[in-house]
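Visitor: Supplied structure: coords.pdb, PDB, C-alpha atoms, pLDDT in the B column.
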```pdb
ATOM      1  CA  MET A 260       0.000   0.000   0.000  1.00 50.00           C
ATOM      2  CA  SER A 261       1.373   3.387  -1.003  1.00 68.00           C
ATOM      3  CA  THR A 262       1.528   6.421   1.203  1.00 91.00           C
ATOM      4  CA  PHE A 263      -0.262   9.206  -0.585  1.00 98.00           C
ATOM      5  CA  THR A 264       0.537  12.903  -0.436  1.00 98.00           C
ATOM      6  CA  LEU A 265      -2.452  15.102   0.352  1.00 98.00           C
ATOM      7  CA  LEU A 266      -2.358  18.855  -0.084  1.00 98.00           C
ATOM      8  CA  GLY A 267      -4.820  20.772   2.077  1.00 98.00           C
ATOM      9  CA  ILE A 268      -6.071  24.234   1.174  1.00 98.00           C
ATOM     10  CA  SER A 269      -8.069  26.121   3.776  1.00 98.00           C
ATOM     11  CA  GLY A 270     -10.161  29.032   2.572  1.00 97.00           C
ATOM     12  CA  SER A 271      -9.637  30.678   5.941  1.00 96.00           C
ATOM     13  CA  LEU A 272      -6.373  32.302   6.963  1.00 95.00           C
ATOM     14  CA  ARG A 273      -6.933  32.011  10.721  1.00 92.00           C
ATOM     15  CA  GLN A 274      -4.466  29.554  12.220  1.00 90.00           C
ATOM     16  CA  GLU A 275      -7.096  27.635  14.198  1.00 90.00           C
ATOM     17  CA  SER A 276     -10.052  28.155  11.887  1.00 94.00           C
ATOM     18  CA  CYS A 277     -12.808  25.584  11.606  1.00 95.00           C
ATOM     19  CA  ASN A 278     -11.686  24.827   8.073  1.00 96.00           C
ATOM     20  CA  ARG A 279      -8.107  24.069   9.092  1.00 97.00           C
ATOM     21  CA  ARG A 280      -9.475  21.773  11.805  1.00 96.00           C
ATOM     22  CA  LEU A 281     -11.749  20.121   9.246  1.00 97.00           C
ATOM     23  CA  LEU A 282      -8.765  19.491   6.960  1.00 98.00           C
ATOM     24  CA  ARG A 283      -6.897  17.814   9.825  1.00 97.00           C
ATOM     25  CA  GLU A 284      -9.948  15.664  10.569  1.00 97.00           C
ATOM     26  CA  ALA A 285     -10.164  14.732   6.887  1.00 98.00           C
ATOM     27  CA  VAL A 286      -6.541  13.571   6.903  1.00 98.00           C
ATOM     28  CA  ARG A 287      -7.181  11.546  10.051  1.00 97.00           C
ATOM     29  CA  ALA A 288     -10.215   9.947   8.381  1.00 97.00           C
ATOM     30  CA  PHE A 289      -8.211   9.312   5.182  1.00 98.00           C
ATOM     31  CA  GLY A 290      -5.614   7.260   7.026  1.00 96.00           C
ATOM     32  CA  GLU A 291      -1.904   7.045   6.462  1.00 96.00           C
ATOM     33  CA  ALA A 292      -0.767   9.926   4.271  1.00 97.00           C
ATOM     34  CA  GLU A 293       1.758  12.702   4.071  1.00 98.00           C
ATOM     35  CA  PHE A 294      -0.117  15.966   4.633  1.00 98.00           C
ATOM     36  CA  ILE A 295       1.008  19.370   3.427  1.00 98.00           C
ATOM     37  CA  GLU A 296      -1.022  22.455   4.219  1.00 98.00           C
ATOM     38  CA  ALA A 297      -0.857  25.191   1.613  1.00 98.00           C
ATOM     39  CA  ASP A 298      -0.237  28.845   2.380  1.00 98.00           C
ATOM     40  CA  ILE A 299      -2.544  31.101   0.355  1.00 98.00           C
ATOM     41  CA  ARG A 300      -1.482  34.471   1.758  1.00 97.00           C
ATOM     42  CA  PHE A 301      -1.065  35.928  -1.716  1.00 97.00           C
ATOM     43  CA  PRO A 302      -1.260  39.482  -2.972  1.00 97.00           C
ATOM     44  CA  LEU A 303      -4.565  40.320  -4.621  1.00 97.00           C
ATOM     45  CA  PHE A 304      -4.592  39.163  -8.208  1.00 97.00           C
ATOM     46  CA  ASP A 305      -3.598  42.046 -10.450  1.00 96.00           C
ATOM     47  CA  GLU A 306      -2.637  41.465 -14.063  1.00 96.00           C
ATOM     48  CA  ASP A 307      -0.432  44.572 -13.959  1.00 97.00           C
ATOM     49  CA  LEU A 308       1.518  42.952 -11.103  1.00 96.00           C
ATOM     50  CA  GLN A 309       1.790  39.714 -13.065  1.00 97.00           C
ATOM     51  CA  THR A 310       2.984  41.598 -16.165  1.00 97.00           C
ATOM     52  CA  ALA A 311       5.550  43.603 -14.202  1.00 97.00           C
ATOM     53  CA  GLU A 312       6.871  40.895 -11.888  1.00 97.00           C
ATOM     54  CA  GLY A 313       5.621  37.559 -13.208  1.00 97.00           C
ATOM     55  CA  ILE A 314       3.967  34.886 -11.127  1.00 97.00           C
ATOM     56  CA  PRO A 315       4.762  35.453  -7.429  1.00 97.00           C
ATOM     57  CA  PRO A 316       7.012  32.686  -6.042  1.00 97.00           C
ATOM     58  CA  MET A 317       4.399  31.710  -3.417  1.00 97.00           C
ATOM     59  CA  VAL A 318       1.815  31.187  -6.186  1.00 98.00           C
ATOM     60  CA  GLN A 319       4.249  29.059  -8.188  1.00 98.00           C
ATOM     61  CA  LYS A 320       4.942  27.073  -5.009  1.00 98.00           C
ATOM     62  CA  LEU A 321       1.224  26.318  -4.597  1.00 98.00           C
ATOM     63  CA  ALA A 322       0.918  25.306  -8.258  1.00 98.00           C
ATOM     64  CA  ASP A 323       3.902  22.990  -7.826  1.00 98.00           C
ATOM     65  CA  GLN A 324       2.385  21.535  -4.636  1.00 98.00           C
ATOM     66  CA  ILE A 325      -0.896  20.878  -6.456  1.00 98.00           C
ATOM     67  CA  ALA A 326       0.949  19.173  -9.306  1.00 98.00           C
ATOM     68  CA  ALA A 327       3.029  17.024  -6.927  1.00 98.00           C
ATOM     69  CA  ALA A 328       0.186  15.971  -4.602  1.00 98.00           C
ATOM     70  CA  ASP A 329      -1.713  12.771  -5.183  1.00 98.00           C
ATOM     71  CA  ALA A 330      -4.908  14.585  -4.170  1.00 98.00           C
ATOM     72  CA  VAL A 331      -6.044  17.965  -2.890  1.00 98.00           C
ATOM     73  CA  LEU A 332      -8.473  18.686  -0.052  1.00 98.00           C
ATOM     74  CA  ILE A 333     -10.153  22.093  -0.061  1.00 98.00           C
ATOM     75  CA  SER A 334     -12.195  23.326   2.879  1.00 98.00           C
ATOM     76  CA  THR A 335     -14.018  26.624   2.553  1.00 96.00           C
ATOM     77  CA  PRO A 336     -15.806  28.889   4.988  1.00 95.00           C
ATOM     78  CA  GLU A 337     -18.883  30.771   3.864  1.00 93.00           C
ATOM     79  CA  TYR A 338     -18.606  34.541   3.716  1.00 92.00           C
ATOM     80  CA  ASN A 339     -21.713  36.416   2.602  1.00 91.00           C
ATOM     81  CA  LYS A 340     -23.184  33.275   1.006  1.00 91.00           C
ATOM     82  CA  ASN A 341     -20.049  32.576  -1.033  1.00 94.00           C
ATOM     83  CA  LEU A 342     -16.576  31.091  -0.795  1.00 95.00           C
ATOM     84  CA  SER A 343     -13.941  33.259   0.820  1.00 96.00           C
ATOM     85  CA  GLY A 344     -12.149  35.951  -1.144  1.00 96.00           C
ATOM     86  CA  VAL A 345      -8.727  34.571  -0.229  1.00 97.00           C
ATOM     87  CA  LEU A 346      -9.617  31.171  -1.646  1.00 98.00           C
ATOM     88  CA  LYS A 347     -11.009  32.675  -4.852  1.00 98.00           C
ATOM     89  CA  ASN A 348      -7.893  34.852  -5.137  1.00 98.00           C
ATOM     90  CA  ALA A 349      -5.643  31.784  -4.771  1.00 98.00           C
ATOM     91  CA  LEU A 350      -7.602  29.908  -7.434  1.00 98.00           C
ATOM     92  CA  ASP A 351      -7.385  32.917  -9.754  1.00 98.00           C
ATOM     93  CA  TRP A 352      -3.623  33.215  -9.273  1.00 98.00           C
ATOM     94  CA  VAL A 353      -2.991  29.510  -9.861  1.00 98.00           C
ATOM     95  CA  SER A 354      -5.028  29.718 -13.068  1.00 97.00           C
ATOM     96  CA  ARG A 355      -2.369  32.114 -14.404  1.00 97.00           C
ATOM     97  CA  VAL A 356       0.513  29.640 -13.983  1.00 97.00           C
ATOM     98  CA  LYS A 357       1.730  27.917 -17.153  1.00 95.00           C
ATOM     99  CA  GLY A 358       0.184  24.485 -17.478  1.00 94.00           C
ATOM    100  CA  ASN A 359      -2.762  23.316 -15.441  1.00 97.00           C
ATOM    101  CA  PRO A 360      -1.752  21.574 -12.193  1.00 98.00           C
ATOM    102  CA  TRP A 361      -5.426  20.777 -11.497  1.00 98.00           C
ATOM    103  CA  ASN A 362      -6.013  18.781 -14.700  1.00 98.00           C
ATOM    104  CA  GLY A 363      -7.263  15.327 -13.675  1.00 98.00           C
ATOM    105  CA  LYS A 364      -6.163  15.887 -10.052  1.00 98.00           C
ATOM    106  CA  PRO A 365      -8.482  14.223  -7.507  1.00 98.00           C
ATOM    107  CA  VAL A 366      -9.955  17.005  -5.358  1.00 98.00           C
ATOM    108  CA  ALA A 367     -12.295  16.593  -2.382  1.00 98.00           C
ATOM    109  CA  LEU A 368     -14.308  19.621  -1.286  1.00 97.00           C
ATOM    110  CA  MET A 369     -15.797  20.352   2.117  1.00 96.00           C
ATOM    111  CA  ALA A 370     -17.066  23.335   4.064  1.00 96.00           C
ATOM    112  CA  ALA A 371     -17.317  24.532   7.638  1.00 95.00           C
ATOM    113  CA  ALA A 372     -19.176  27.659   8.634  1.00 93.00           C
ATOM    114  CA  ASP A 373     -20.808  29.024  11.741  1.00 89.00           C
ATOM    115  CA  GLY A 374     -24.188  29.294  10.007  1.00 86.00           C
ATOM    116  CA  ARG A 375     -26.792  26.561  10.116  1.00 86.00           C
ATOM    117  CA  ALA A 376     -26.182  25.453   6.501  1.00 85.00           C
ATOM    118  CA  GLY A 377     -22.516  24.721   7.216  1.00 85.00           C
ATOM    119  CA  GLY A 378     -21.211  26.402   4.083  1.00 90.00           C
ATOM    120  CA  GLU A 379     -23.548  24.807   1.559  1.00 92.00           C
ATOM    121  CA  ARG A 380     -23.785  27.947  -0.567  1.00 93.00           C
ATOM    122  CA  ALA A 381     -20.016  28.442  -0.451  1.00 94.00           C
ATOM    123  CA  MET A 382     -19.595  24.871  -1.668  1.00 94.00           C
ATOM    124  CA  ASN A 383     -21.800  25.576  -4.670  1.00 94.00           C
ATOM    125  CA  SER A 384     -19.646  28.541  -5.644  1.00 96.00           C
ATOM    126  CA  LEU A 385     -16.459  26.538  -5.059  1.00 97.00           C
ATOM    127  CA  VAL A 386     -17.638  23.800  -7.415  1.00 96.00           C
ATOM    128  CA  LEU A 387     -18.307  26.437 -10.078  1.00 96.00           C
ATOM    129  CA  CYS A 388     -14.843  27.938  -9.553  1.00 97.00           C
ATOM    130  CA  MET A 389     -13.190  24.524  -9.900  1.00 97.00           C
ATOM    131  CA  MET A 390     -14.978  23.439 -13.086  1.00 96.00           C
ATOM    132  CA  PRO A 391     -12.744  25.282 -15.598  1.00 96.00           C
ATOM    133  CA  PHE A 392      -9.663  23.554 -14.162  1.00 98.00           C
ATOM    134  CA  ARG A 393     -10.821  20.054 -15.214  1.00 97.00           C
ATOM    135  CA  ALA A 394      -9.960  18.591 -11.828  1.00 98.00           C
ATOM    136  CA  ASN A 395     -11.352  15.204 -10.892  1.00 98.00           C
ATOM    137  CA  LEU A 396     -13.839  16.433  -8.283  1.00 98.00           C
ATOM    138  CA  VAL A 397     -14.653  13.619  -5.883  1.00 97.00           C
ATOM    139  CA  TYR A 398     -18.333  14.176  -5.142  1.00 85.00           C
ATOM    140  CA  GLY A 399     -20.369  12.994  -2.221  1.00 87.00           C
ATOM    141  CA  PRO A 400     -21.217  12.623   0.296  1.00 93.00           C
ATOM    142  CA  GLU A 401     -21.197  16.359   0.818  1.00 93.00           C
ATOM    143  CA  VAL A 402     -19.476  17.455   4.011  1.00 95.00           C
ATOM    144  CA  PHE A 403     -20.879  20.573   5.671  1.00 94.00           C
ATOM    145  CA  VAL A 404     -20.053  21.420   9.267  1.00 94.00           C
ATOM    146  CA  ALA A 405     -22.600  23.870  10.677  1.00 93.00           C
ATOM    147  CA  GLY A 406     -22.093  25.872  13.857  1.00 92.00           C
ATOM    148  CA  CYS A 407     -18.425  25.192  13.377  1.00 91.00           C
ATOM    149  CA  ASN A 408     -17.181  27.225  16.329  1.00 90.00           C
ATOM    150  CA  ASP A 409     -18.706  24.564  18.583  1.00 93.00           C
ATOM    151  CA  ALA A 410     -18.291  21.609  16.206  1.00 93.00           C
ATOM    152  CA  PHE A 411     -14.869  20.433  17.421  1.00 95.00           C
ATOM    153  CA  ASP A 412     -13.805  19.194  20.834  1.00 94.00           C
ATOM    154  CA  ASP A 413     -10.602  20.216  22.644  1.00 93.00           C
ATOM    155  CA  GLU A 414      -8.609  17.609  20.688  1.00 93.00           C
ATOM    156  CA  GLY A 415      -9.880  18.962  17.364  1.00 92.00           C
ATOM    157  CA  ARG A 416     -12.227  16.034  16.728  1.00 95.00           C
ATOM    158  CA  LEU A 417     -15.661  16.529  15.213  1.00 95.00           C
ATOM    159  CA  ARG A 418     -18.440  16.311  17.763  1.00 95.00           C
ATOM    160  CA  ASP A 419     -21.213  15.621  15.257  1.00 91.00           C
ATOM    161  CA  ALA A 420     -21.393  11.911  14.437  1.00 92.00           C
ATOM    162  CA  GLY A 421     -23.133  12.606  11.116  1.00 92.00           C
ATOM    163  CA  ALA A 422     -20.468  15.017   9.922  1.00 93.00           C
ATOM    164  CA  GLU A 423     -17.768  12.577  11.014  1.00 95.00           C
ATOM    165  CA  LYS A 424     -19.514   9.746   9.161  1.00 97.00           C
ATOM    166  CA  PHE A 425     -19.856  11.746   5.920  1.00 97.00           C
ATOM    167  CA  LEU A 426     -16.253  12.925   6.159  1.00 97.00           C
ATOM    168  CA  GLY A 427     -15.115   9.319   6.601  1.00 97.00           C
ATOM    169  CA  LEU A 428     -17.142   8.214   3.585  1.00 98.00           C
ATOM    170  CA  LEU A 429     -15.753  11.044   1.446  1.00 98.00           C
ATOM    171  CA  MET A 430     -12.178  10.193   2.430  1.00 98.00           C
ATOM    172  CA  LYS A 431     -12.813   6.492   1.747  1.00 98.00           C
ATOM    173  CA  LYS A 432     -14.085   7.450  -1.703  1.00 98.00           C
ATOM    174  CA  LEU A 433     -11.010   9.651  -2.299  1.00 98.00           C
ATOM    175  CA  ARG A 434      -8.691   6.825  -1.231  1.00 97.00           C
ATOM    176  CA  GLY A 435     -10.534   4.512  -3.607  1.00 97.00           C
ATOM    177  CA  VAL A 436      -9.965   6.923  -6.487  1.00 97.00           C
ATOM    178  CA  LEU A 437      -6.247   7.014  -5.672  1.00 97.00           C
ATOM    179  CA  GLU A 438      -5.941   3.241  -5.337  1.00 95.00           C
ATOM    180  CA  ASP A 439      -7.691   2.479  -8.646  1.00 88.00           C
TER     181      ASP A 439
END
```
Please re-express this file's structure in structure tokens.
Guide:
Amino acid sequence: MSTFTLLGISGSLRQESCNRRLLREAVRAFGEAEFIEADIRFPLFDEDLQTAEGIPPMVQKLADQIAAADAVLISTPEYNKNLSGVLKNALDWVSRVKGNPWNGKPVALMAAADGRAGGERAMNSLVLCMMPFRANLVYGPEVFVAGCNDAFDDEGRLRDAGAEKFLGLLMKKLRGVLED
């Protein structure tokens, strides 16, 4: 059995955000794997900046990490009924890199938000943002963690058995895609 490399991208910059915790829970549910968490603290996309200076090194690093990973996990918060601006900005920047590191890449999406829908609307916008990249989106079951500020215990484990079950099923499906 191979050890897979998983790249995690959190749509929240906070160090202990719900979405970072959800990524760590996803890796735990996935099983043995090397986990790398991406840094998406990029400048705002600006074509004038790209023309003057080229692709920022941190953007190229993320594109290289996507290309090298066996699969990518993306967890998004919901801000104003949409995915976060920092996540959209990162996706926009990576789309400017030569080649397409997303092409055919298995990608599992999830969301955690404090609202009662758990980021469902953000997930819809994230799927739309990912479609042009031709990634292999691993669908279902959908993982939404509502009331996320209270959704994790002191050890970072999900408290909601349903969310934990769906996350486990999604990670099992992702592992199956990688093992095929």
Visitor: Using Å and a single decimal, report how far atom CA of Gly378 of chain A sits from atom CA of Phe301 of chain A.
Guide: 23.0 Å
Visitor: Evaluating the PyMOL selection byres ((chain A and resi 320-328) around 10) on the displayed file yields which residues, as a PyMOL selection string?
Guide: chain A and resi 263-268+293-299+314-319+329-331+349-350+352-362+364-366
Visitor: I'd like the neighbourhood of Glu401 of chain A as a PDB file with C-alpha atoms, in the frame of the given file, where a residue qualifies if any of its atoms comes within 10 Å (using all atoms listed in the file), though same-chain residues fewer than 6 positions away should be ignored.
Guide:
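Here's the written file result.pdb:
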```pdb
ATOM      1  CA  ALA A 367     -12.295  16.593  -2.382  1.00 98.00           C
ATOM      2  CA  LEU A 368     -14.308  19.621  -1.286  1.00 97.00           C
ATOM      3  CA  MET A 369     -15.797  20.352   2.117  1.00 96.00           C
ATOM      4  CA  ALA A 370     -17.066  23.335   4.064  1.00 96.00           C
ATOM      5  CA  GLU A 379     -23.548  24.807   1.559  1.00 92.00           C
ATOM      6  CA  MET A 382     -19.595  24.871  -1.668  1.00 94.00           C
ATOM      7  CA  ALA A 422     -20.468  15.017   9.922  1.00 93.00           C
ATOM      8  CA  PHE A 425     -19.856  11.746   5.920  1.00 97.00           C
ATOM      9  CA  LEU A 426     -16.253  12.925   6.159  1.00 97.00           C
ATOM     10  CA  LEU A 428     -17.142   8.214   3.585  1.00 98.00           C
ATOM     11  CA  LEU A 429     -15.753  11.044   1.446  1.00 98.00           C
TER      12      LEU A 429
END
```
Visitor: I would like the residues chosen by the PyMOL selection byres ((chain A and resi 285) around 10) on the shown file; could you give them as a PyMOL selection string?
Guide: chain A and resi 267+279-284+286-290+332+334+367+369+423+426-427+429-430
Visitor: Would you work out the distance separating atom CA of Asn341 of chain A from atom CA of Gln274 of chain A, expressed in Å to one decimal?
Guide: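 Between these atoms lies a distance of 20.7 Å.
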Visitor: Between atom CA of Ala381 of chain A and atom CA of Pro336 of chain A, what is the distance, to one decimal in Å?
Guide: 6.9 Å
Visitor: Excluding Val404 of chain A and any residue of its chain fewer than 3 positions from it, enumerate the residues within 6 Å of it, using only C-alpha atoms, and give them as a PDB file with C-alpha atoms, in the coordinates of the input.
Guide:
```
ATOM      1  CA  ALA A 371     -17.317  24.532   7.638  1.00 95.00           C
ATOM      2  CA  GLY A 377     -22.516  24.721   7.216  1.00 85.00           C
ATOM      3  CA  CYS A 407     -18.425  25.192  13.377  1.00 91.00           C
TER       4      CYS A 407
END
```
Visitor: Check the smallest atom-to-atom distance from each of A:Glu306, A:Lys432, A:Tyr398, A:Leu417 to Val386 of chain A using only C-alpha atoms, then report the winner.
Guide: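 Among the listed residues, A:Tyr398 lies closest to Val386 of chain A.
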Visitor: Report as a VMD selection string all protein, DNA and RNA residues lying within 8 Å of Ser271 of chain A, evaluated on all atoms listed in the file, omitting residues in the same chain fewer than 6 positions from it.
Guide: chain A and resid 278 to 279 335 to 336 343 345 to 346
Visitor: Kindly save the residues from that selection, with C-alpha atoms included, as a compact mmCIF listing (two decimals), in the frame of the given file.
Guide:
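The result, stored in again_1.txt:
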```txt
# COMPACT_ATOMS: atom_id res chain seq x y z
CA ASN A 278 -11.69 24.83 8.07
CA ARG A 279 -8.11 24.07 9.09
CA THR A 335 -14.02 26.62 2.55
CA PRO A 336 -15.81 28.89 4.99
CA SER A 343 -13.94 33.26 0.82
CA VAL A 345 -8.73 34.57 -0.23
CA LEU A 346 -9.62 31.17 -1.65
```
Visitor: List the residues selected by the PyMOL selection byres ((chain A and resi 393) around 8) in the file shown, writing them as a PyMOL selection string.
Guide: chain A and resi 361-363+389-392+394-395
Visitor: Using all atoms listed in the file for the distances, tell me which of A:Asn348, A:Asn408, A:Val397, A:Cys277 is nearest to Leu437 of chain A.
Guide: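 The closest residue to Leu437 of chain A is A:Val397.
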Visitor: Rank nothing, just name the residue among A:Phe403, A:Gly435, A:Leu303, A:Ala410 nearest to Arg380 of chain A, using only C-alpha atoms.
Guide: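 Among the listed residues, the smallest separation from Arg380 of chain A belongs to A:Phe403.
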Visitor: Return the single residue from A:Gly415, A:Glu291, A:Pro302, A:Leu385 that is closest to Lys431 of chain A, with distances computed using all atoms listed in the file.
Guide: A:Glu291
